[in-house]
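J.: What follows is protein-v3.txt; its format and atoms are compact mmCIF, C-alpha atoms.
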```
# COMPACT_ATOMS: atom_id res chain seq x y z
CA ASP A 977 131.73 150.21 68.88
CA THR A 978 135.37 150.45 67.84
CA GLY A 979 136.60 147.26 69.50
CA VAL A 980 137.34 143.84 68.02
CA SER A 981 134.17 142.09 66.99
CA GLN A 982 133.72 138.33 66.65
CA ASN A 983 130.77 136.32 65.46
CA PRO A 984 129.06 134.13 66.05
CA ARG A 985 129.61 134.26 69.80
CA HIS A 986 128.41 130.70 70.19
CA LYS A 987 128.26 127.83 67.71
CA ILE A 988 127.01 124.32 68.36
CA THR A 989 127.61 121.85 65.57
CA LYS A 990 127.67 118.15 64.92
CA ARG A 991 130.90 116.32 64.34
CA GLY A 992 131.89 116.39 60.71
CA GLN A 993 130.27 119.72 59.90
CA ASN A 994 132.18 122.78 58.77
CA VAL A 995 132.13 126.01 60.74
CA THR A 996 133.38 129.51 60.02
CA PHE A 997 134.15 132.30 62.44
CA ARG A 998 134.57 135.93 61.55
CA CYS A 999 136.69 138.59 63.19
CA ASP A 1000 136.50 142.32 62.54
CA PRO A 1001 139.58 143.97 64.07
CA ILE A 1002 140.03 147.56 65.12
CA SER A 1003 140.04 149.39 61.80
CA GLU A 1004 143.54 150.87 61.81
CA HIS A 1005 145.22 147.71 63.15
CA ASN A 1006 147.47 145.90 60.70
CA ARG A 1007 148.07 142.78 62.77
CA LEU A 1008 145.43 140.14 63.43
CA TYR A 1009 145.85 137.04 65.58
CA TRP A 1010 143.84 133.90 66.19
CA TYR A 1011 144.15 132.00 69.44
CA ARG A 1012 142.36 128.96 70.80
CA GLN A 1013 141.51 128.53 74.46
CA THR A 1014 140.19 125.43 76.16
CA LEU A 1015 138.61 125.39 79.58
CA GLY A 1016 141.01 126.23 82.37
CA GLN A 1017 143.91 126.90 80.00
CA GLY A 1018 145.57 129.97 78.60
CA PRO A 1019 145.15 131.03 74.97
CA GLU A 1020 147.24 129.05 72.47
CA PHE A 1021 148.51 130.76 69.33
CA LEU A 1022 147.07 129.55 66.05
CA THR A 1023 148.08 132.04 63.35
CA TYR A 1024 148.60 135.70 62.59
CA PHE A 1025 148.35 138.14 59.71
CA GLN A 1026 150.29 141.28 58.85
CA ASN A 1027 147.76 143.09 56.68
CA GLU A 1028 146.55 140.39 54.26
CA ALA A 1029 149.65 138.16 54.55
CA GLN A 1030 149.45 135.11 56.79
CA LEU A 1031 152.94 135.05 58.31
CA GLU A 1032 152.87 132.13 60.71
CA LYS A 1033 150.74 129.08 61.44
CA SER A 1034 151.01 126.97 64.54
CA ARG A 1035 151.36 123.20 64.37
CA LEU A 1036 148.00 123.22 66.17
CA LEU A 1037 146.47 124.44 62.93
CA SER A 1038 145.90 121.15 61.13
CA ASP A 1039 144.95 121.00 57.47
CA ARG A 1040 141.31 121.09 58.53
CA PHE A 1041 141.83 124.68 59.65
CA SER A 1042 142.17 127.60 57.29
CA ALA A 1043 142.32 131.31 57.98
CA GLU A 1044 142.09 134.21 55.59
CA ARG A 1045 142.27 137.96 55.70
CA PRO A 1046 141.55 138.77 52.07
CA LYS A 1047 141.68 142.56 52.08
CA GLY A 1048 143.69 143.10 55.20
CA SER A 1049 140.59 143.96 57.18
CA PHE A 1050 138.28 141.25 58.56
CA SER A 1051 139.44 137.65 58.92
CA THR A 1052 137.73 134.28 58.82
CA LEU A 1053 138.73 131.05 60.49
CA GLU A 1054 137.20 127.94 58.98
CA ILE A 1055 137.26 124.48 60.50
CA GLN A 1056 136.33 121.64 58.19
CA ARG A 1057 135.09 118.23 59.31
CA THR A 1058 134.90 119.31 62.93
CA GLU A 1059 135.93 116.91 65.68
CA GLN A 1060 134.97 116.94 69.34
CA GLY A 1061 138.50 117.99 70.19
CA ASP A 1062 137.90 121.24 68.30
CA SER A 1063 135.51 122.38 71.03
CA ALA A 1064 137.06 125.52 72.45
CA MET A 1065 136.87 129.29 72.55
CA TYR A 1066 138.39 130.86 69.45
CA LEU A 1067 139.80 134.28 70.22
CA CYS A 1068 140.75 136.99 67.76
CA ALA A 1069 143.04 139.87 68.63
CA SER A 1070 144.43 142.82 66.72
CA SER A 1071 147.27 145.24 67.18
CA LEU A 1072 149.01 148.08 65.45
CA ASN A 1073 152.65 147.54 64.53
CA ARG A 1074 153.86 150.88 63.28
CA MET A 1075 157.16 149.54 62.03
CA ARG A 1076 156.96 146.61 59.62
CA THR A 1077 160.35 145.41 60.79
CA SER A 1078 159.65 145.91 64.48
CA LEU A 1079 160.30 142.78 66.47
CA ILE A 1080 158.61 144.12 69.56
CA LEU A 1081 154.95 143.48 70.20
CA GLY A 1082 152.68 145.90 71.94
CA GLU A 1083 149.28 145.40 73.48
CA LEU A 1084 146.82 143.01 71.86
CA PHE A 1085 143.15 143.94 71.74
CA PHE A 1086 140.93 140.89 72.04
CA GLY A 1087 137.40 140.23 70.92
CA GLU A 1088 134.88 138.44 73.11
CA GLY A 1089 135.58 135.14 71.41
CA SER A 1090 133.57 132.53 69.54
CA ARG A 1091 132.75 129.45 71.59
CA LEU A 1092 132.53 126.25 69.57
CA THR A 1093 130.86 123.12 70.86
CA VAL A 1094 131.14 120.01 68.69
CA LEU A 1095 128.67 117.29 69.60
CA SER B 1200 152.99 125.17 73.81
CA GLN B 1201 152.78 127.63 76.67
CA GLN B 1202 155.88 129.31 77.93
CA GLY B 1203 154.62 130.85 81.10
CA GLU B 1204 153.57 129.14 84.26
CA GLU B 1205 151.46 131.03 86.73
CA ASP B 1206 151.47 130.41 90.41
CA PRO B 1207 149.17 129.85 92.17
CA GLN B 1208 146.64 128.29 89.79
CA ALA B 1209 143.86 129.57 92.00
CA LEU B 1210 143.75 132.22 94.72
CA SER B 1211 140.86 133.16 96.99
CA ILE B 1212 141.11 136.20 99.28
CA GLN B 1213 138.90 138.62 101.16
CA GLU B 1214 137.92 141.94 99.70
CA GLY B 1215 140.40 144.60 100.68
CA GLU B 1216 143.36 142.23 100.86
CA ASN B 1217 146.23 142.27 98.39
CA ALA B 1218 146.57 139.57 95.74
CA THR B 1219 149.92 138.45 94.35
CA MET B 1220 150.32 136.25 91.30
CA ASN B 1221 153.57 134.97 89.89
CA CYS B 1222 154.65 134.05 86.41
CA SER B 1223 157.73 132.17 85.28
CA TYR B 1224 158.91 131.83 81.69
CA LYS B 1225 161.62 129.99 79.82
CA THR B 1226 163.23 132.11 77.11
CA SER B 1227 164.52 135.64 76.75
CA ILE B 1228 161.86 138.27 76.16
CA ASN B 1229 161.30 141.73 74.76
CA ASN B 1230 158.47 142.40 77.15
CA LEU B 1231 155.97 140.70 79.42
CA GLN B 1232 152.30 141.58 79.55
CA TRP B 1233 149.49 140.81 81.96
CA TYR B 1234 145.89 140.29 80.88
CA ARG B 1235 142.63 139.77 82.73
CA GLN B 1236 139.77 137.58 81.58
CA ASN B 1237 136.32 137.53 83.08
CA SER B 1238 134.50 134.21 82.77
CA GLY B 1239 133.44 133.51 79.20
CA ARG B 1240 134.79 136.82 77.91
CA GLY B 1241 137.79 138.02 75.95
CA LEU B 1242 141.10 139.12 77.43
CA VAL B 1243 141.78 142.67 78.50
CA HIS B 1244 145.28 144.11 78.59
CA LEU B 1245 146.38 145.35 82.01
CA ILE B 1246 150.02 146.31 81.84
CA LEU B 1247 153.20 145.82 79.81
CA ILE B 1248 156.70 145.76 81.27
CA ARG B 1249 159.76 145.88 79.05
CA SER B 1250 162.76 143.64 79.57
CA ASN B 1251 164.87 146.58 80.75
CA GLU B 1252 162.31 147.60 83.38
CA ARG B 1253 162.15 146.14 86.86
CA GLU B 1254 158.91 147.54 88.19
CA LYS B 1255 155.84 149.26 86.84
CA HIS B 1256 152.68 150.66 88.40
CA SER B 1257 149.21 151.29 87.04
CA GLY B 1258 146.54 152.30 89.52
CA ARG B 1259 146.19 149.43 92.01
CA LEU B 1260 148.46 147.20 89.93
CA ARG B 1261 152.16 146.70 90.51
CA VAL B 1262 154.21 144.49 88.24
CA THR B 1263 157.79 143.40 88.79
CA LEU B 1264 160.13 141.67 86.37
CA ASP B 1265 163.29 139.75 87.19
CA THR B 1266 164.90 138.70 83.92
CA SER B 1267 167.71 136.87 85.72
CA LYS B 1268 165.14 134.57 87.31
CA LYS B 1269 162.81 134.72 84.30
CA SER B 1270 159.91 135.62 86.52
CA SER B 1271 157.32 138.33 87.03
CA SER B 1272 154.75 139.12 89.65
CA LEU B 1273 151.46 140.98 89.56
CA LEU B 1274 150.23 142.61 92.74
CA ILE B 1275 146.68 143.91 93.03
CA THR B 1276 146.27 146.07 96.11
CA ALA B 1277 143.05 146.67 98.03
CA SER B 1278 141.19 144.03 96.05
CA ARG B 1279 137.55 144.45 95.09
CA ALA B 1280 134.86 141.94 94.15
CA ALA B 1281 135.11 143.20 90.57
CA ASP B 1282 138.73 141.96 90.45
CA THR B 1283 137.43 138.38 90.39
CA ALA B 1284 138.76 136.99 87.11
CA SER B 1285 141.54 134.91 85.58
CA TYR B 1286 144.87 136.63 85.14
CA PHE B 1287 147.38 135.63 82.47
CA CYS B 1288 150.94 136.59 81.83
CA ALA B 1289 152.10 136.65 78.22
CA THR B 1290 155.61 136.97 76.86
CA ASP B 1291 156.90 138.56 73.68
CA GLY B 1292 159.91 136.43 72.84
CA GLY B 1293 160.60 138.15 69.52
CA ALA B 1294 158.63 135.64 67.47
CA GLN B 1295 155.89 138.14 66.61
CA LYS B 1296 153.32 136.53 68.89
CA LEU B 1297 152.46 136.52 72.57
CA VAL B 1298 152.79 133.23 74.42
CA PHE B 1299 150.39 132.93 77.33
CA GLY B 1300 150.64 131.11 80.59
CA GLN B 1301 147.89 128.95 82.04
CA GLY B 1302 146.57 131.67 84.29
CA THR B 1303 145.65 132.29 87.90
CA ARG B 1304 141.97 132.19 88.85
CA LEU B 1305 141.43 134.93 91.41
CA THR B 1306 138.31 135.02 93.58
CA ILE B 1307 137.61 138.00 95.80
CA ASN B 1308 135.18 137.18 98.60
CA PRO B 1309 132.99 140.04 99.86
```
Output the file's structure in the form of structure tokens.
T.:
Amino acid sequence: DTGVSQNPRHKITKRGQNVTFRCDPISEHNRLYWYRQTLGQGPEFLTYFQNEAQLEKSRLLSDRFSAERPKGSFSTLEIQRTEQGDSAMYLCASSLNRMRTSLILGELFFGEGSRLTVL
Amino acid sequence: SQQGEEDPQALSIQEGENATMNCSYKTSINNLQWYRQNSGRGLVHLILIRSNEREKHSGRLRVTLDTSKKSSSLLITASRAADTASYFCATDGGAQKLVFGQGTRLTINP
């Protein structure tokens, strides 16, 4: 399977616990994005990486959230001290930007998402 | 925040009919993309239209873009039950990320 892989697909946790999601992008893709999607809404941008560098973080990403992409391949999104409002689908997407200075985005390839339920 | 607004929020039609969804956005764009999402799944890219293009076709899909009105439409012709999904427009406003609308939930009745 050469698509974007996310795990776990589902996570149920109690409020206050920490959770971590992993995303394995398409291997040659240098860009990796995290989005959050709540029921009935469109995906909301959280953060993105160009190779291993985290280039932008949304205001939605409070200090309880941290994302890494240590070797420019897979990425992790950790949520500390989860709150019920964190319940959502966390989507990862990757893309290939051939020109580092290109300002134009192409197609994003999404994983199946990791659904978080905080009780 | 979400830039795009889709209209209608929900659409239910009979199989074989055409489905039209509209998207409006607020800022200038490099391109606009449409994605489909089946319930509980990830998003799948359908089509990309650049800011200097007015119309684009892909199979049963037809997308139009009117940059003067900051709007786009997605037409699915000869709909099938398998087209039942949510459809999202997403804009590339030059900020290195796509900004998605709230989506249109399309139901195709057999």
J.: Hey, which of A:Phe1041, A:Leu1053, A:Ala1064, A:His1005 ends up closest to A:Gly1082? Count only C-alpha atoms.
T.: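 That would be A:His1005, the residue with the smallest distance to A:Gly1082.
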J.: For stretch 1009-1025 of chain A, find every residue with an atom within 8 Å (counting all atoms listed in the file), except residues of its own chain fewer than 5 positions away, and show them as a list in words.
T.: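 These residues fall inside the cut-off: Gln1030, Leu1031, Glu1032, Lys1033, Ser1034, Arg1035, Leu1036, Leu1037, Ala1043, Arg1045, Ser1063, Ala1064, Met1065, Tyr1066, Leu1067, Cys1068, Ala1069 and Ser1070 of chain A; Ser1200, Gln1201, Phe1287, Lys1296, Leu1297, Val1298, Phe1299, Gly1300, Gln1301 and Gly1302 of chain B.
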J.: List every residue of chain B that has an atom at most 12 Å from any atom of chain A, giving for each one its closest atom pair and the distance in Å to one decimal, counting all atoms listed in the file, sorted by chain and then by ascending residue number, as a tab-separated table.
T.:
```
residue	atom	partner	partner_atom	distance
B:Ser1200	CA	A:Glu1020	CA	7.1
B:Gln1201	CA	A:Glu1020	CA	7.1
B:Gln1202	CA	A:Glu1020	CA	10.2
B:Gly1203	CA	A:Gly1018	CA	9.4
B:Glu1204	CA	A:Gly1018	CA	9.8
B:Glu1205	CA	A:Gly1018	CA	10.1
B:Gln1208	CA	A:Gly1016	CA	9.5
B:Ala1209	CA	A:Gly1016	CA	10.6
B:Ile1228	CA	A:Ile1080	CA	9.4
B:Asn1229	CA	A:Ile1080	CA	6.3
B:Asn1230	CA	A:Ile1080	CA	7.8
B:Leu1231	CA	A:Leu1081	CA	9.7
B:Gln1232	CA	A:Glu1083	CA	7.8
B:Trp1233	CA	A:Glu1083	CA	9.6
B:Tyr1234	CA	A:Leu1084	CA	9.5
B:Arg1235	CA	A:Phe1086	CA	10.9
B:Gln1236	CA	A:Glu1088	CA	9.8
B:Asn1237	CA	A:Glu1088	CA	10.1
B:Ser1238	CA	A:Leu1015	CA	10.2
B:Gly1239	CA	A:Glu1088	CA	8.0
B:Arg1240	CA	A:Glu1088	CA	5.1
B:Gly1241	CA	A:Glu1088	CA	4.1
B:Leu1242	CA	A:Phe1086	CA	5.7
B:Val1243	CA	A:Phe1086	CA	6.8
B:His1244	CA	A:Glu1083	CA	6.6
B:Leu1245	CA	A:Glu1083	CA	9.0
B:Ile1246	CA	A:Glu1083	CA	8.4
B:Leu1247	CA	A:Glu1083	CA	7.5
B:Ile1248	CA	A:Gly1082	CA	10.2
B:Arg1249	CA	A:Ile1080	CA	9.7
B:Ser1250	CA	A:Ile1080	CA	10.8
B:Ala1284	CA	A:Gly1016	CA	12.0
B:Ser1285	CA	A:Gly1016	CA	9.3
B:Tyr1286	CA	A:Gly1018	CA	9.4
B:Phe1287	CA	A:Gly1018	CA	7.1
B:Cys1288	CA	A:Gly1018	CA	9.1
B:Ala1289	CA	A:Gly1018	CA	9.3
B:Thr1290	CA	A:Leu1081	CA	9.3
B:Asp1291	CA	A:Leu1081	CA	6.3
B:Gly1292	CA	A:Ile1080	CA	8.5
B:Gly1293	CA	A:Leu1079	CA	5.6
B:Ala1294	CA	A:Leu1079	CA	7.4
B:Gln1295	CA	A:Leu1079	CA	6.4
B:Lys1296	CA	A:Leu1081	CA	7.3
B:Leu1297	CA	A:Phe1021	CA	7.7
B:Val1298	CA	A:Phe1021	CA	7.1
B:Phe1299	CA	A:Gly1018	CA	5.8
B:Gly1300	CA	A:Gly1018	CA	5.6
B:Gln1301	CA	A:Gly1018	CA	4.3
B:Gly1302	CA	A:Gly1018	CA	6.0
B:Thr1303	CA	A:Gly1016	CA	9.4
B:Arg1304	CA	A:Gly1016	CA	8.9
```
J.: Applying 9 Å and all atoms listed in the file, which residues near B:Ile1275 remain after dropping the ones on its own chain fewer than 6 positions away? List them as a PyMOL selection string.
T.: chain B and resi 1216-1220+1259-1262+1282
J.: Rank A:Lys987, A:Leu1008, A:Gln993, A:Pro1001 by their smallest atom-to-atom distance to A:Asn1073, using all atoms listed in the file, and report the top residue only.
T.: A:Leu1008
J.: Work out how far apart atom CA of B:Asp1206 and atom CA of B:Gly1258 are and give it in Å to one decimal.
T.: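 Computing the Euclidean distance for atom CA of B:Asp1206 and atom CA of B:Gly1258 yields 22.5 Å.
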J.: Between atom CA of B:Glu1214 and atom CA of B:Leu1274, what is the distance, to one decimal in Å?
T.: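 These atoms are spaced 14.2 Å apart.
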J.: What does the distance from atom CA of B:Leu1210 to atom CA of B:Arg1253 come to in Å, to one decimal?
T.: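 Atom CA of B:Leu1210 sits 24.4 Å away from atom CA of B:Arg1253.
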J.: Because the input lacks atoms here, generate N, CA and C atoms for stretch 1061-1076 of chain A and report them as a PDB file, in the frame of the given file.
T.:
```pdb
ATOM      1  N   GLY A1061     137.326 117.322  69.634  1.00  0.00           N
ATOM      2  CA  GLY A1061     138.500 117.990  70.190  1.00  0.00           C
ATOM      3  C   GLY A1061     138.655 119.429  69.733  1.00  0.00           C
ATOM      4  N   ASP A1062     137.857 119.843  68.755  1.00  0.00           N
ATOM      5  CA  ASP A1062     137.900 121.240  68.300  1.00  0.00           C
ATOM      6  C   ASP A1062     137.093 122.152  69.219  1.00  0.00           C
ATOM      7  N   SER A1063     136.318 121.571  70.118  1.00  0.00           N
ATOM      8  CA  SER A1063     135.510 122.380  71.030  1.00  0.00           C
ATOM      9  C   SER A1063     136.424 123.263  71.866  1.00  0.00           C
ATOM     10  N   ALA A1064     136.196 124.548  71.794  1.00  0.00           N
ATOM     11  CA  ALA A1064     137.060 125.520  72.450  1.00  0.00           C
ATOM     12  C   ALA A1064     136.498 126.910  72.225  1.00  0.00           C
ATOM     13  N   MET A1065     137.142 127.885  72.840  1.00  0.00           N
ATOM     14  CA  MET A1065     136.870 129.290  72.550  1.00  0.00           C
ATOM     15  C   MET A1065     137.927 129.751  71.547  1.00  0.00           C
ATOM     16  N   TYR A1066     137.472 130.351  70.466  1.00  0.00           N
ATOM     17  CA  TYR A1066     138.390 130.860  69.450  1.00  0.00           C
ATOM     18  C   TYR A1066     138.435 132.380  69.591  1.00  0.00           C
ATOM     19  N   LEU A1067     139.613 132.868  69.916  1.00  0.00           N
ATOM     20  CA  LEU A1067     139.800 134.280  70.220  1.00  0.00           C
ATOM     21  C   LEU A1067     140.549 134.972  69.086  1.00  0.00           C
ATOM     22  N   CYS A1068     140.077 136.151  68.750  1.00  0.00           N
ATOM     23  CA  CYS A1068     140.750 136.990  67.760  1.00  0.00           C
ATOM     24  C   CYS A1068     141.288 138.214  68.479  1.00  0.00           C
ATOM     25  N   ALA A1069     142.447 138.665  68.058  1.00  0.00           N
ATOM     26  CA  ALA A1069     143.040 139.870  68.630  1.00  0.00           C
ATOM     27  C   ALA A1069     143.684 140.679  67.522  1.00  0.00           C
ATOM     28  N   SER A1070     143.749 141.981  67.705  1.00  0.00           N
ATOM     29  CA  SER A1070     144.430 142.820  66.720  1.00  0.00           C
ATOM     30  C   SER A1070     145.372 143.777  67.416  1.00  0.00           C
ATOM     31  N   SER A1071     146.317 144.270  66.644  1.00  0.00           N
ATOM     32  CA  SER A1071     147.270 145.240  67.180  1.00  0.00           C
ATOM     33  C   SER A1071     147.798 146.085  66.039  1.00  0.00           C
ATOM     34  N   LEU A1072     148.418 147.189  66.433  1.00  0.00           N
ATOM     35  CA  LEU A1072     149.010 148.080  65.450  1.00  0.00           C
ATOM     36  C   LEU A1072     150.516 148.017  65.592  1.00  0.00           C
ATOM     37  N   ASN A1073     151.181 147.529  64.560  1.00  0.00           N
ATOM     38  CA  ASN A1073     152.650 147.540  64.530  1.00  0.00           C
ATOM     39  C   ASN A1073     153.075 148.628  63.561  1.00  0.00           C
ATOM     40  N   ARG A1074     153.563 149.716  64.126  1.00  0.00           N
ATOM     41  CA  ARG A1074     153.860 150.880  63.280  1.00  0.00           C
ATOM     42  C   ARG A1074     155.060 150.639  62.374  1.00  0.00           C
ATOM     43  N   MET A1075     155.979 149.800  62.848  1.00  0.00           N
ATOM     44  CA  MET A1075     157.160 149.540  62.030  1.00  0.00           C
ATOM     45  C   MET A1075     157.082 148.119  61.532  1.00  0.00           C
ATOM     46  N   ARG A1076     157.076 147.949  60.224  1.00  0.00           N
ATOM     47  CA  ARG A1076     156.960 146.610  59.620  1.00  0.00           C
ATOM     48  C   ARG A1076     158.055 145.686  60.128  1.00  0.00           C
TER      49      ARG A1076
END
```
